[in-house]
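What follows is a single structure, written as structure tokens, with notes after it.
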Amino acid sequence: MKQITLNLSETIEKLNEISSDNMDFVELSFSDFCVDQDEVFPAFVNFCGIDKDGLYKDYSSIDSVSIPEFV
């Protein structure tokens with residue numbers, strides 16, 4: 001995967017949540033779309049906050065969107 005399109009307000013909300021928990025870093029994990037038993041699951045980005053002591057907290061993921069959904 002070379003790129004992914006996310007909803008901006010969802011992304012800002014997620015980053016604000018991570019920031020309000022006083023995390024110092026954010027780790028983004030990208031997963032491609034997949035098909036399982038004829039059901040398509042969109043690509044997504046998972047967010048993980050990391051504090052200065054190296055403690056990790058999972059903030060779940062945001063699914064990709066297609067631009068035509070909003071046009």
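Identifiers in this document derive from the order of the structure tokens: chains are assigned A, B, ..., residues are numbered from 1 separately in each chain, and ligands are numbered from 1 in order of occurrence.
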Might you pull out every residue within 12 Å of Lys2 (chain A), with only C-alpha atoms counted and same-chain residues fewer than 3 positions away left off, and present them as a PyMOL selection string?
chain A and resi 5+30-32+43
Hey, can you spit out that residue selection with C-alpha atoms as a PDB file, in the first residue's frame?
```
ATOM      1  CA  THR A   5      -7.479   8.182   2.269  1.00  0.00           C
ATOM      2  CA  PHE A  30      -1.251   0.415   7.789  1.00  0.00           C
ATOM      3  CA  SER A  31      -3.257  -2.621   6.683  1.00  0.00           C
ATOM      4  CA  ASP A  32      -4.388  -3.298   3.126  1.00  0.00           C
ATOM      5  CA  ALA A  43      -7.818  -0.812   4.300  1.00  0.00           C
TER       6      ALA A  43
END
```
Contact residues around region 12-16 of chain A with only C-alpha atoms at 9 Å, ignoring same-chain residues under 5 positions, as a VMD selection string:
chain A and resid 7 21 26 47 59 to 62
From the DSSP assignment of the backbone, select every residue of chain A that is strand (DSSP E), and format the answer as a short mmCIF file (atom, residue, chain, number, x, y, z; two decimals) with C-alpha atoms, in the first residue's frame.
```cif
data_model
loop_
_atom_site.label_atom_id
_atom_site.label_comp_id
_atom_site.auth_asym_id
_atom_site.auth_seq_id
_atom_site.Cartn_x
_atom_site.Cartn_y
_atom_site.Cartn_z
CA PHE A 25 4.67 9.80 19.91
CA VAL A 26 2.16 8.11 17.63
CA GLU A 27 2.77 4.89 15.73
CA LEU A 28 0.68 4.30 12.61
CA SER A 29 0.19 0.75 11.29
CA PHE A 30 -1.25 0.41 7.79
CA SER A 31 -3.26 -2.62 6.68
CA CYS A 34 -8.81 -7.86 2.26
CA VAL A 35 -11.55 -10.18 1.11
CA ASP A 36 -12.78 -12.92 3.43
CA GLU A 39 -16.86 -9.89 2.17
CA VAL A 40 -14.57 -6.93 1.47
CA PHE A 41 -12.90 -5.25 4.42
CA PHE A 44 -7.27 0.87 7.65
CA VAL A 45 -4.76 2.69 9.82
CA ASN A 46 -4.28 1.66 13.44
CA PHE A 47 -3.11 4.30 15.94
CA CYS A 48 -0.89 3.58 18.93
CA GLY A 49 0.27 6.24 21.37
CA ILE A 50 3.66 6.00 23.03
CA TYR A 56 2.17 1.92 24.48
CA LYS A 57 -1.60 2.47 24.33
CA ASP A 58 -3.77 1.22 21.47
CA TYR A 59 -6.25 3.76 20.09
CA SER A 60 -7.88 1.43 17.55
CA SER A 61 -8.19 2.12 13.85
CA ILE A 62 -9.84 4.24 11.18
CA ASP A 63 -11.07 2.65 7.96
#
```
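As for CA of Asp51 (chain A) and CA of Asn22 (chain A), they are spaced 7.2 Å apart.
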Check the DSSP output for the backbone and give back, as a PDB file with N, CA and C atoms, in the first residue's frame, the residues of chain A in alpha helix (DSSP H).
```pdb
ATOM      1  N   LEU A   8     -10.904  13.259   7.471  1.00  0.00           N
ATOM      2  CA  LEU A   8     -10.093  14.206   8.228  1.00  0.00           C
ATOM      3  C   LEU A   8     -10.606  14.406   9.654  1.00  0.00           C
ATOM      4  N   SER A   9     -11.906  14.569   9.832  1.00  0.00           N
ATOM      5  CA  SER A   9     -12.427  14.823  11.185  1.00  0.00           C
ATOM      6  C   SER A   9     -12.196  13.624  12.105  1.00  0.00           C
ATOM      7  N   GLU A  10     -12.327  12.410  11.590  1.00  0.00           N
ATOM      8  CA  GLU A  10     -12.042  11.213  12.401  1.00  0.00           C
ATOM      9  C   GLU A  10     -10.568  11.163  12.786  1.00  0.00           C
ATOM     10  N   THR A  11      -9.707  11.525  11.844  1.00  0.00           N
ATOM     11  CA  THR A  11      -8.269  11.492  12.095  1.00  0.00           C
ATOM     12  C   THR A  11      -7.878  12.534  13.140  1.00  0.00           C
ATOM     13  N   ILE A  12      -8.405  13.740  13.016  1.00  0.00           N
ATOM     14  CA  ILE A  12      -8.117  14.794  13.993  1.00  0.00           C
ATOM     15  C   ILE A  12      -8.637  14.394  15.372  1.00  0.00           C
ATOM     16  N   GLU A  13      -9.840  13.836  15.416  1.00  0.00           N
ATOM     17  CA  GLU A  13     -10.407  13.391  16.689  1.00  0.00           C
ATOM     18  C   GLU A  13      -9.509  12.346  17.355  1.00  0.00           C
ATOM     19  N   LYS A  14      -9.019  11.405  16.566  1.00  0.00           N
ATOM     20  CA  LYS A  14      -8.143  10.357  17.096  1.00  0.00           C
ATOM     21  C   LYS A  14      -6.832  10.959  17.606  1.00  0.00           C
ATOM     22  N   LEU A  15      -6.238  11.873  16.838  1.00  0.00           N
ATOM     23  CA  LEU A  15      -4.988  12.505  17.263  1.00  0.00           C
ATOM     24  C   LEU A  15      -5.193  13.384  18.494  1.00  0.00           C
ATOM     25  N   ASN A  16      -6.333  14.055  18.587  1.00  0.00           N
ATOM     26  CA  ASN A  16      -6.634  14.851  19.786  1.00  0.00           C
ATOM     27  C   ASN A  16      -6.753  13.957  21.019  1.00  0.00           C
ATOM     28  N   GLU A  17      -7.363  12.786  20.855  1.00  0.00           N
ATOM     29  CA  GLU A  17      -7.483  11.832  21.962  1.00  0.00           C
ATOM     30  C   GLU A  17      -6.096  11.396  22.433  1.00  0.00           C
ATOM     31  N   ILE A  18      -5.221  11.078  21.492  1.00  0.00           N
ATOM     32  CA  ILE A  18      -3.861  10.664  21.823  1.00  0.00           C
ATOM     33  C   ILE A  18      -3.117  11.807  22.517  1.00  0.00           C
ATOM     34  N   SER A  19      -3.268  13.009  22.011  1.00  0.00           N
ATOM     35  CA  SER A  19      -2.618  14.180  22.597  1.00  0.00           C
ATOM     36  C   SER A  19      -3.133  14.463  24.006  1.00  0.00           C
ATOM     37  N   SER A  20      -4.441  14.347  24.208  1.00  0.00           N
ATOM     38  CA  SER A  20      -5.011  14.634  25.533  1.00  0.00           C
ATOM     39  C   SER A  20      -4.578  13.614  26.581  1.00  0.00           C
TER      40      SER A  20
END
```
